[in-house]
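In what follows, a single structure is set out as structure tokens and then discussed.
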Amino acid sequence: VIISDSYTLATEHLKRKLGFDRTIANELIIRDSKITGKVEMPLNWSDKDSDCLKYKYSVCKLNSLIEISEEMNIPLKNCVAIGDNMADIGMLRGAGIGVAFNPKSRLVEKSADVVLNNDLCELLGVIEG
């Protein structure tokens with residue numbers, strides 16, 4: 001699953017190209033073939049986990065990860081989360097394995113179990129290990 005604070009225009013493209021099952025991202029509202037400037041955000045991103053909000057970032061992906069893990073009946077301890085920015089901190093901490101990939105801040109790096117730079121293939125060794 002791709003959980004992104006980007007837009008569904010990008011995540012849906014990646015979903016199709018890479019074979020992901022689902023995406024959760026912001027949706028640009030389009031009317032009459034024009035982007036209106038309005039954005040529909042997934043409703044659960046900032047309302048359940050107040051710990052996320054202490055990082056002064058309005059989005060927390062942990063809530064979406066929890067929702068997906070419950071839907072798919074996969075315990076959080078069996079989930080791998082990969083992120084690089086402040087919105088990923090709760091998700092990195094909540095997953096069984098949190099991976100900071102090319103982290104954009106020291107706090108993101110410190111929130112992860114594993115830090116990878118440049119080569120995501122190294123993740124295979126972490127998961128198998």
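Residues in the structure tokens are named by chain (A, B, ... in the order shown) and by number from 1 within that chain; ligands are numbered from 1 in the order shown.
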
Determine which residues of range 5-129 of chain A receive a DSSP assignment of helix (DSSP H, G or I), computed from the backbone, and state them as a CSV table (one decimal) with all heavy atoms, in the first residue's frame.
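Saved the output as states.csv:
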```csv
chain,number,residue,atom,x,y,z
A,8,THR,N,-3.2,11.7,-5.3
A,8,THR,CA,-3.6,10.5,-5.9
A,8,THR,C,-3.2,10.5,-7.4
A,8,THR,O,-3.0,9.4,-7.9
A,8,THR,CB,-5.1,10.2,-5.8
A,8,THR,OG1,-5.8,11.4,-6.3
A,8,THR,CG2,-5.5,10.0,-4.3
A,9,LEU,N,-3.1,11.6,-8.0
A,9,LEU,CA,-2.7,11.6,-9.4
A,9,LEU,C,-1.3,10.9,-9.6
A,9,LEU,O,-1.1,10.1,-10.5
A,9,LEU,CB,-2.5,13.1,-9.9
A,9,LEU,CG,-3.8,13.9,-10.2
A,9,LEU,CD1,-3.5,15.3,-10.5
A,9,LEU,CD2,-4.6,13.2,-11.3
A,10,ALA,N,-0.4,11.1,-8.6
A,10,ALA,CA,0.9,10.4,-8.6
A,10,ALA,C,0.8,9.0,-8.1
A,10,ALA,O,1.4,8.1,-8.7
A,10,ALA,CB,1.9,11.3,-7.9
A,11,THR,N,0.1,8.8,-7.0
A,11,THR,CA,0.1,7.5,-6.3
A,11,THR,C,-0.6,6.5,-7.1
A,11,THR,O,-0.2,5.3,-7.2
A,11,THR,CB,-0.4,7.6,-4.9
A,11,THR,OG1,-1.8,8.0,-4.9
A,11,THR,CG2,0.4,8.5,-4.0
A,12,GLU,N,-1.7,6.9,-7.8
A,12,GLU,CA,-2.4,5.9,-8.6
A,12,GLU,C,-1.6,5.5,-9.8
A,12,GLU,O,-1.6,4.3,-10.2
A,12,GLU,CB,-3.8,6.5,-9.1
A,12,GLU,CG,-4.8,6.6,-7.9
A,12,GLU,CD,-5.2,5.3,-7.4
A,12,GLU,OE1,-5.3,4.3,-8.1
A,12,GLU,OE2,-5.4,5.2,-6.1
A,13,HIS,N,-0.8,6.4,-10.4
A,13,HIS,CA,0.1,6.0,-11.5
A,13,HIS,C,1.1,5.0,-11.0
A,13,HIS,O,1.4,4.0,-11.6
A,13,HIS,CB,0.8,7.3,-12.0
A,13,HIS,CG,1.9,7.0,-13.0
A,13,HIS,ND1,1.6,6.6,-14.3
A,13,HIS,CD2,3.2,7.0,-12.8
A,13,HIS,CE1,2.8,6.4,-14.9
A,13,HIS,NE2,3.8,6.6,-14.1
A,14,LEU,N,1.7,5.3,-9.8
A,14,LEU,CA,2.7,4.3,-9.3
A,14,LEU,C,2.1,3.0,-8.9
A,14,LEU,O,2.7,1.9,-9.1
A,14,LEU,CB,3.4,4.9,-8.0
A,14,LEU,CG,4.4,6.0,-8.3
A,14,LEU,CD1,4.8,6.6,-7.0
A,14,LEU,CD2,5.6,5.5,-9.1
A,15,LYS,N,0.9,3.0,-8.4
A,15,LYS,CA,0.1,1.8,-8.1
A,15,LYS,C,0.0,0.9,-9.3
A,15,LYS,O,0.3,-0.3,-9.2
A,15,LYS,CB,-1.3,2.1,-7.5
A,15,LYS,CG,-2.2,1.0,-7.3
A,15,LYS,CD,-3.5,1.4,-6.9
A,15,LYS,CE,-4.5,0.3,-7.2
A,15,LYS,NZ,-5.9,0.8,-7.2
A,16,ARG,N,-0.4,1.5,-10.4
A,16,ARG,CA,-0.6,0.7,-11.6
A,16,ARG,C,0.7,0.2,-12.2
A,16,ARG,O,0.9,-0.9,-12.5
A,16,ARG,CB,-1.3,1.5,-12.7
A,16,ARG,CG,-2.8,1.7,-12.4
A,16,ARG,CD,-3.5,2.4,-13.6
A,16,ARG,NE,-3.0,3.7,-13.9
A,16,ARG,CZ,-3.4,4.8,-13.2
A,16,ARG,NH1,-4.3,4.8,-12.3
A,16,ARG,NH2,-2.9,6.0,-13.6
A,17,LYS,N,1.7,1.1,-12.2
A,17,LYS,CA,3.0,0.8,-12.7
A,17,LYS,C,3.8,-0.3,-11.9
A,17,LYS,O,4.4,-1.2,-12.5
A,17,LYS,CB,3.9,2.1,-12.8
A,17,LYS,CG,5.2,1.9,-13.5
A,17,LYS,CD,5.9,3.2,-13.6
A,17,LYS,CE,7.3,2.9,-14.3
A,17,LYS,NZ,8.0,4.2,-14.6
A,18,LEU,N,3.7,-0.2,-10.6
A,18,LEU,CA,4.4,-1.1,-9.7
A,18,LEU,C,3.6,-2.3,-9.1
A,18,LEU,O,4.2,-3.1,-8.4
A,18,LEU,CB,5.1,-0.3,-8.6
A,18,LEU,CG,6.0,0.8,-9.1
A,18,LEU,CD1,6.5,1.6,-7.9
A,18,LEU,CD2,7.2,0.2,-9.8
A,50,SER,N,-2.6,11.7,18.7
A,50,SER,CA,-2.1,13.0,19.1
A,50,SER,C,-0.6,13.1,19.2
A,50,SER,O,0.0,14.1,19.0
A,50,SER,CB,-2.7,13.5,20.4
A,50,SER,OG,-2.4,12.6,21.4
A,51,ASP,N,0.0,11.9,19.4
A,51,ASP,CA,1.5,11.9,19.4
A,51,ASP,C,2.1,12.4,18.1
A,51,ASP,O,3.1,13.0,18.1
A,51,ASP,CB,2.0,10.5,19.7
A,51,ASP,CG,3.5,10.4,19.9
A,51,ASP,OD1,4.0,11.2,20.7
A,51,ASP,OD2,4.1,9.5,19.3
A,52,CYS,N,1.4,12.1,17.0
A,52,CYS,CA,1.9,12.6,15.7
A,52,CYS,C,1.9,14.1,15.6
A,52,CYS,O,2.8,14.7,15.0
A,52,CYS,CB,1.0,12.1,14.6
A,52,CYS,SG,1.1,10.3,14.3
A,53,LEU,N,0.9,14.7,16.2
A,53,LEU,CA,0.8,16.2,16.0
A,53,LEU,C,1.9,16.9,16.8
A,53,LEU,O,2.1,18.1,16.6
A,53,LEU,CB,-0.6,16.6,16.5
A,53,LEU,CG,-1.7,15.9,15.6
A,53,LEU,CD1,-3.1,16.4,16.1
A,53,LEU,CD2,-1.6,16.2,14.2
A,62,LEU,N,0.4,7.2,10.5
A,62,LEU,CA,0.2,6.0,11.3
A,62,LEU,C,-1.3,5.6,11.3
A,62,LEU,O,-1.6,4.4,11.3
A,62,LEU,CB,0.6,6.3,12.8
A,62,LEU,CG,0.4,5.2,13.8
A,62,LEU,CD1,1.0,3.9,13.4
A,62,LEU,CD2,0.8,5.7,15.2
A,63,ASN,N,-2.2,6.6,11.3
A,63,ASN,CA,-3.6,6.2,11.4
A,63,ASN,C,-4.0,5.4,10.1
A,63,ASN,O,-4.8,4.5,10.2
A,63,ASN,CB,-4.4,7.5,11.5
A,63,ASN,CG,-4.2,8.2,12.8
A,63,ASN,OD1,-4.0,7.6,13.8
A,63,ASN,ND2,-4.0,9.5,12.6
A,64,SER,N,-3.5,5.8,9.0
A,64,SER,CA,-3.8,5.0,7.8
A,64,SER,C,-3.1,3.6,7.8
A,64,SER,O,-3.7,2.6,7.4
A,64,SER,CB,-3.3,5.8,6.5
A,64,SER,OG,-4.0,6.9,6.4
A,65,LEU,N,-1.9,3.5,8.4
A,65,LEU,CA,-1.3,2.2,8.5
A,65,LEU,C,-2.1,1.3,9.4
A,65,LEU,O,-2.3,0.1,9.2
A,65,LEU,CB,0.1,2.4,9.1
A,65,LEU,CG,0.9,1.1,9.3
A,65,LEU,CD1,1.1,0.3,8.0
A,65,LEU,CD2,2.2,1.3,9.9
A,66,ILE,N,-2.6,1.9,10.5
A,66,ILE,CA,-3.4,1.1,11.5
A,66,ILE,C,-4.7,0.6,10.7
A,66,ILE,O,-5.1,-0.6,10.9
A,66,ILE,CB,-3.8,1.9,12.7
A,66,ILE,CG1,-2.6,2.2,13.6
A,66,ILE,CG2,-4.9,1.3,13.5
A,66,ILE,CD1,-2.7,3.2,14.7
A,67,GLU,N,-5.3,1.5,10.0
A,67,GLU,CA,-6.6,1.2,9.3
A,67,GLU,C,-6.3,0.0,8.3
A,67,GLU,O,-7.1,-1.0,8.2
A,67,GLU,CB,-7.1,2.4,8.5
A,67,GLU,CG,-8.3,2.2,7.7
A,67,GLU,CD,-8.7,3.4,6.9
A,67,GLU,OE1,-8.9,4.5,7.6
A,67,GLU,OE2,-8.7,3.4,5.7
A,68,ILE,N,-5.2,0.1,7.5
A,68,ILE,CA,-4.9,-0.9,6.6
A,68,ILE,C,-4.5,-2.2,7.3
A,68,ILE,O,-5.0,-3.3,6.8
A,68,ILE,CB,-3.7,-0.5,5.7
A,68,ILE,CG1,-4.1,0.7,4.8
A,68,ILE,CG2,-3.2,-1.6,4.8
A,68,ILE,CD1,-5.1,0.5,3.8
A,69,SER,N,-3.8,-2.2,8.3
A,69,SER,CA,-3.4,-3.4,9.0
A,69,SER,C,-4.6,-4.1,9.6
A,69,SER,O,-4.7,-5.4,9.5
A,69,SER,CB,-2.4,-3.2,10.1
A,69,SER,OG,-2.9,-2.5,11.2
A,70,GLU,N,-5.6,-3.3,10.1
A,70,GLU,CA,-6.8,-3.9,10.6
A,70,GLU,C,-7.7,-4.5,9.4
A,70,GLU,O,-8.2,-5.6,9.6
A,70,GLU,CB,-7.7,-2.9,11.4
A,70,GLU,CG,-7.0,-2.5,12.7
A,70,GLU,CD,-7.7,-1.4,13.4
A,70,GLU,OE1,-8.6,-0.7,12.8
A,70,GLU,OE2,-7.3,-1.1,14.5
A,71,GLU,N,-7.8,-3.8,8.4
A,71,GLU,CA,-8.5,-4.3,7.2
A,71,GLU,C,-8.0,-5.6,6.6
A,71,GLU,O,-8.7,-6.5,6.3
A,71,GLU,CB,-8.5,-3.3,6.0
A,71,GLU,CG,-9.5,-2.2,6.1
A,71,GLU,CD,-9.4,-1.2,5.0
A,71,GLU,OE1,-8.9,-1.6,3.9
A,71,GLU,OE2,-9.8,0.0,5.1
A,76,LEU,N,0.3,-4.9,13.3
A,76,LEU,CA,1.3,-3.8,13.0
A,76,LEU,C,2.7,-4.3,13.2
A,76,LEU,O,3.6,-3.9,12.5
A,76,LEU,CB,1.1,-2.6,14.0
A,76,LEU,CG,0.0,-1.7,13.6
A,76,LEU,CD1,-0.1,-0.6,14.7
A,76,LEU,CD2,0.3,-1.0,12.3
A,77,LYS,N,3.0,-5.3,14.1
A,77,LYS,CA,4.3,-5.8,14.3
A,77,LYS,C,4.8,-6.6,13.1
A,77,LYS,O,6.0,-6.8,12.9
A,77,LYS,CB,4.4,-6.7,15.5
A,77,LYS,CG,3.6,-8.0,15.4
A,77,LYS,CD,3.7,-8.9,16.6
A,77,LYS,CE,2.9,-10.2,16.3
A,77,LYS,NZ,3.2,-11.2,17.3
A,78,ASN,N,3.9,-6.9,12.2
A,78,ASN,CA,4.3,-7.6,10.9
A,78,ASN,C,4.3,-6.7,9.7
A,78,ASN,O,4.5,-7.1,8.6
A,78,ASN,CB,3.4,-8.8,10.6
A,78,ASN,CG,3.5,-9.9,11.6
A,78,ASN,OD1,4.5,-10.0,12.4
A,78,ASN,ND2,2.4,-10.7,11.7
A,86,MET,N,8.7,14.1,8.0
A,86,MET,CA,8.0,14.2,9.3
A,86,MET,C,6.7,13.5,9.4
A,86,MET,O,6.3,13.0,10.5
A,86,MET,CB,7.9,15.7,9.7
A,86,MET,CG,9.2,16.5,9.8
A,86,MET,SD,10.2,15.9,11.2
A,86,MET,CE,9.4,16.7,12.5
A,87,ALA,N,5.9,13.5,8.3
A,87,ALA,CA,4.6,12.8,8.3
A,87,ALA,C,4.7,11.3,8.5
A,87,ALA,O,3.8,10.7,8.8
A,87,ALA,CB,3.9,13.2,7.0
A,88,ASP,N,5.9,10.8,8.3
A,88,ASP,CA,6.2,9.4,8.4
A,88,ASP,C,6.6,8.9,9.8
A,88,ASP,O,6.6,7.7,10.1
A,88,ASP,CB,7.3,9.0,7.4
A,88,ASP,CG,6.9,9.2,6.0
A,88,ASP,OD1,5.7,9.0,5.6
A,88,ASP,OD2,7.7,9.7,5.3
A,89,ILE,N,6.9,9.8,10.7
A,89,ILE,CA,7.4,9.5,12.0
A,89,ILE,C,6.5,8.5,12.8
A,89,ILE,O,7.0,7.5,13.3
A,89,ILE,CB,7.7,10.7,12.9
A,89,ILE,CG1,9.0,11.4,12.3
A,89,ILE,CG2,8.0,10.4,14.3
A,89,ILE,CD1,9.3,12.8,12.9
A,90,GLY,N,5.2,8.8,12.9
A,90,GLY,CA,4.3,7.9,13.7
A,90,GLY,C,4.3,6.6,13.0
A,90,GLY,O,4.3,5.6,13.7
A,91,MET,N,4.2,6.5,11.7
A,91,MET,CA,4.1,5.3,11.0
A,91,MET,C,5.4,4.5,11.2
A,91,MET,O,5.4,3.2,11.4
A,91,MET,CB,3.9,5.6,9.5
A,91,MET,CG,3.7,4.4,8.6
A,91,MET,SD,3.3,4.8,6.9
A,91,MET,CE,4.8,5.6,6.4
A,92,LEU,N,6.6,5.1,11.1
A,92,LEU,CA,7.9,4.4,11.3
A,92,LEU,C,7.9,3.8,12.7
A,92,LEU,O,8.4,2.7,12.9
A,92,LEU,CB,9.0,5.4,11.1
A,92,LEU,CG,9.2,5.9,9.7
A,92,LEU,CD1,10.3,7.0,9.6
A,92,LEU,CD2,9.5,4.8,8.7
A,93,ARG,N,7.5,4.6,13.7
A,93,ARG,CA,7.5,4.1,15.1
A,93,ARG,C,6.5,3.0,15.4
A,93,ARG,O,6.7,2.1,16.2
A,93,ARG,CB,7.3,5.3,16.1
A,93,ARG,CG,8.4,6.2,16.1
A,93,ARG,CD,8.2,7.3,17.1
A,93,ARG,NE,9.4,8.2,17.2
A,93,ARG,CZ,9.4,9.3,17.9
A,93,ARG,NH1,8.4,9.7,18.5
A,93,ARG,NH2,10.5,10.0,17.9
A,94,GLY,N,5.3,3.1,14.7
A,94,GLY,CA,4.2,2.1,14.9
A,94,GLY,C,4.4,0.8,14.2
A,94,GLY,O,3.8,-0.2,14.7
A,106,ARG,N,17.0,14.6,10.9
A,106,ARG,CA,17.6,13.7,11.9
A,106,ARG,C,16.5,13.1,12.7
A,106,ARG,O,16.6,11.9,13.1
A,106,ARG,CB,18.5,14.6,12.8
A,106,ARG,CG,19.2,13.8,13.8
A,106,ARG,CD,20.4,13.1,13.2
A,106,ARG,NE,21.1,12.4,14.3
A,106,ARG,CZ,21.3,11.1,14.4
A,106,ARG,NH1,20.9,10.3,13.4
A,106,ARG,NH2,21.9,10.5,15.4
A,107,LEU,N,15.4,13.8,13.0
A,107,LEU,CA,14.3,13.2,13.8
A,107,LEU,C,13.7,12.0,13.1
A,107,LEU,O,13.3,11.0,13.7
A,107,LEU,CB,13.2,14.3,14.0
A,107,LEU,CG,12.1,13.9,15.0
A,107,LEU,CD1,12.7,13.4,16.3
A,107,LEU,CD2,11.2,15.1,15.2
A,108,VAL,N,13.5,12.1,11.8
A,108,VAL,CA,13.0,10.9,11.0
A,108,VAL,C,14.0,9.8,11.1
A,108,VAL,O,13.5,8.6,11.4
A,108,VAL,CB,12.8,11.3,9.5
A,108,VAL,CG1,12.4,10.1,8.7
A,108,VAL,CG2,11.7,12.4,9.4
A,109,GLU,N,15.2,10.1,11.0
A,109,GLU,CA,16.3,9.0,11.1
A,109,GLU,C,16.2,8.3,12.5
A,109,GLU,O,16.2,7.1,12.6
A,109,GLU,CB,17.6,9.7,10.9
A,109,GLU,CG,18.7,8.8,10.5
A,109,GLU,CD,20.0,9.6,10.2
A,109,GLU,OE1,19.9,10.3,9.2
A,109,GLU,OE2,21.0,9.4,10.9
A,110,LYS,N,16.1,9.1,13.5
A,110,LYS,CA,16.0,8.6,14.9
A,110,LYS,C,14.7,7.8,15.2
A,110,LYS,O,14.7,7.0,16.1
A,110,LYS,CB,16.1,9.8,15.9
A,110,LYS,CG,17.5,10.4,15.9
A,110,LYS,CD,17.5,11.7,16.7
A,110,LYS,CE,18.0,11.5,18.1
A,110,LYS,NZ,18.1,12.8,18.8
A,111,SER,N,13.7,8.1,14.4
A,111,SER,CA,12.4,7.4,14.6
A,111,SER,C,12.3,6.0,14.0
A,111,SER,O,11.4,5.3,14.2
A,111,SER,CB,11.3,8.3,14.0
A,111,SER,OG,11.2,9.5,14.7
A,120,LEU,N,17.4,1.0,-2.0
A,120,LEU,CA,16.3,0.4,-1.3
A,120,LEU,C,16.3,-1.2,-1.4
A,120,LEU,O,15.7,-1.9,-0.6
A,120,LEU,CB,14.9,0.9,-1.9
A,120,LEU,CG,13.7,0.6,-1.1
A,120,LEU,CD1,13.8,1.2,0.3
A,120,LEU,CD2,12.5,1.2,-1.8
A,121,CYS,N,17.2,-1.7,-2.2
A,121,CYS,CA,17.3,-3.2,-2.3
A,121,CYS,C,17.9,-3.7,-1.0
A,121,CYS,O,17.7,-4.9,-0.7
A,121,CYS,CB,18.2,-3.6,-3.5
A,121,CYS,SG,17.5,-3.3,-5.1
A,122,GLU,N,18.6,-2.9,-0.2
A,122,GLU,CA,19.1,-3.3,1.1
A,122,GLU,C,18.0,-3.7,2.0
A,122,GLU,O,18.2,-4.4,3.0
A,122,GLU,CB,20.0,-2.2,1.7
A,122,GLU,CG,21.2,-1.9,0.9
A,122,GLU,CD,22.0,-0.7,1.5
A,122,GLU,OE1,21.8,-0.4,2.7
A,122,GLU,OE2,22.9,-0.2,0.8
A,123,LEU,N,16.8,-3.3,1.7
A,123,LEU,CA,15.7,-3.6,2.6
A,123,LEU,C,15.4,-5.1,2.6
A,123,LEU,O,15.0,-5.7,3.6
A,123,LEU,CB,14.4,-2.9,2.1
A,123,LEU,CG,13.1,-3.1,2.8
A,123,LEU,CD1,13.2,-2.7,4.3
A,123,LEU,CD2,12.0,-2.4,2.2
A,124,LEU,N,15.7,-5.8,1.5
A,124,LEU,CA,15.5,-7.2,1.5
A,124,LEU,C,16.3,-7.9,2.6
A,124,LEU,O,15.8,-8.9,3.2
A,124,LEU,CB,15.9,-7.8,0.1
A,124,LEU,CG,15.0,-7.3,-1.0
A,124,LEU,CD1,15.6,-7.8,-2.4
A,124,LEU,CD2,13.6,-7.7,-0.9
A,125,GLY,N,17.5,-7.5,2.8
A,125,GLY,CA,18.3,-8.1,3.9
A,125,GLY,C,17.8,-7.8,5.3
A,125,GLY,O,17.8,-8.7,6.2
A,126,VAL,N,17.2,-6.7,5.4
A,126,VAL,CA,16.5,-6.3,6.7
A,126,VAL,C,15.3,-7.2,7.0
A,126,VAL,O,15.2,-7.7,8.1
A,126,VAL,CB,16.1,-4.8,6.7
A,126,VAL,CG1,15.3,-4.5,8.0
A,126,VAL,CG2,17.4,-3.9,6.6
A,127,ILE,N,14.5,-7.3,6.0
A,127,ILE,CA,13.3,-8.1,6.1
A,127,ILE,C,13.6,-9.6,6.4
A,127,ILE,O,13.0,-10.3,7.2
A,127,ILE,CB,12.3,-7.9,4.9
A,127,ILE,CG1,11.8,-6.5,4.9
A,127,ILE,CG2,11.2,-8.9,5.0
A,127,ILE,CD1,11.1,-6.1,3.6
A,128,GLU,N,14.5,-10.1,5.6
A,128,GLU,CA,14.9,-11.5,5.7
A,128,GLU,C,15.7,-11.8,7.0
A,128,GLU,O,15.6,-12.9,7.5
A,128,GLU,CB,15.7,-12.0,4.5
A,128,GLU,CG,14.9,-12.0,3.2
A,128,GLU,CD,15.7,-12.2,2.0
A,128,GLU,OE1,17.0,-12.2,2.1
A,128,GLU,OE2,15.2,-12.3,0.9
```

Mind checking which residues fall within 7 Å of range 98-102 of chain A, counting only C-alpha atoms, ignoring those fewer than 3 positions away in the same chain, and posting them as a ChimeraX atom specification?
/A:80-84,92-93,95,108-109,112-118

Quick one: DSSP strand (DSSP E or B) residues in range 14-122 of chain A, as a ChimeraX atom specification?
/A:23-31,34-40,80-83,97-101,114-116

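Here CA of Asp119 in chain A and CA of Pro103 in chain A stand 12.7 Å from one another.
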
If I take CA of Glu27 in chain A and CA of Ile2 in chain A, how far is one from the other in Å, to one decimal?
13.8 Å

Taken to one decimal, the CA of Arg22 in chain A-CA of Val39 in chain A distance is 19.2 Å

Could you name the residues that touch Ile3 in chain A at 7 Å or less, counting only C-alpha atoms, but leaving out those on the same chain fewer than 6 positions away, as a PyMOL selection string?
chain A and resi 23-25+61

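Taking only C-alpha atoms into account, Lys104 in chain A lies nearest to A:Asn85 out of the set A:Leu28, A:Val1, A:Thr36, A:Asn85.
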